[in-house]
Amino acid sequence: MFLTYLLLEWIEHRAAKKTADLAAKAGSLGPLAGGLLGALPQCGFSVVAANLYSNRIITAGTLIAVFISTSDEAIPVLLSNPESAGMILPLIGAKFLLAIVAGF
């Protein structure tokens with residue numbers, strides 16, 4: 001876990017300017033962009049979004065959208081049972097829609 005966070009910090013410092021510029025360009029569509037990026041199953045986007053929010057680059061709505069769309073603890077459980085693997089895409093879609101609504 002430590003190595004993962006260390007890698008994320010390294011990537012963030014290397015791409016901080018690009019990330020900040022992209023986040024600023026999203027403007028009022030920030031929750032849509034945050035929900036879309038957060039729909040990729042992993043927690044890295046929530047860490048980056050929290051740092052962007054703490055630096056006042058993204059809005060609270062975008063942060064909420066990212067946090068909701070990255071909450072994917074159910075996906076590994078669903079993957080462990082092949083019979084329920086068909087529920088993964090609808091779950092990601094539902095999280096994406098909920099994230100956008102909550103973010104706006």
# chains A, B, ... in the order shown; residues from 1 in each chain; ligands from 1
$ select_by_dssp --residues "chain A" --states "alpha helix (DSSP H)" --output "PyMOL selection string"
chain A and resi 2-14+16-26+30-38+44-54+60-69+74-80+88-103
$ atom_distance --atom1 "atom CA of Leu7 of chain A" --atom2 "atom CA of Val48 of chain A"
11.8 Å
$ closest_residue --among "A:Ile11, A:Leu29, A:Ala102, A:Leu40" --to "Thr70 of chain A" --atoms "only C-alpha atoms"
A:Leu40
$ atom_distance --atom1 "atom CA of Phe104 of chain A" --atom2 "atom CA of Ser28 of chain A"
8.7 Å
$ closest_residue --among "A:Leu3, A:Thr62, A:Trp10, A:Ser84" --to "Leu36 of chain A" --atoms "only C-alpha atoms"
A:Thr62
$ closest_residue --among "A:Leu63, A:Ala39, A:Ala49, A:Ile100" --to "Ile75 of chain A" --atoms "only C-alpha atoms"
A:Ala39
$ closest_residue --among "A:Ala65, A:Pro76, A:Gly86, A:Arg14" --to "Phe45 of chain A" --atoms "only C-alpha atoms"
A:Ala65
$ closest_residue --among "A:Leu98, A:Ile58, A:Gly103, A:Ser69" --to "Lys25 of chain A" --atoms "only C-alpha atoms"
A:Ile58
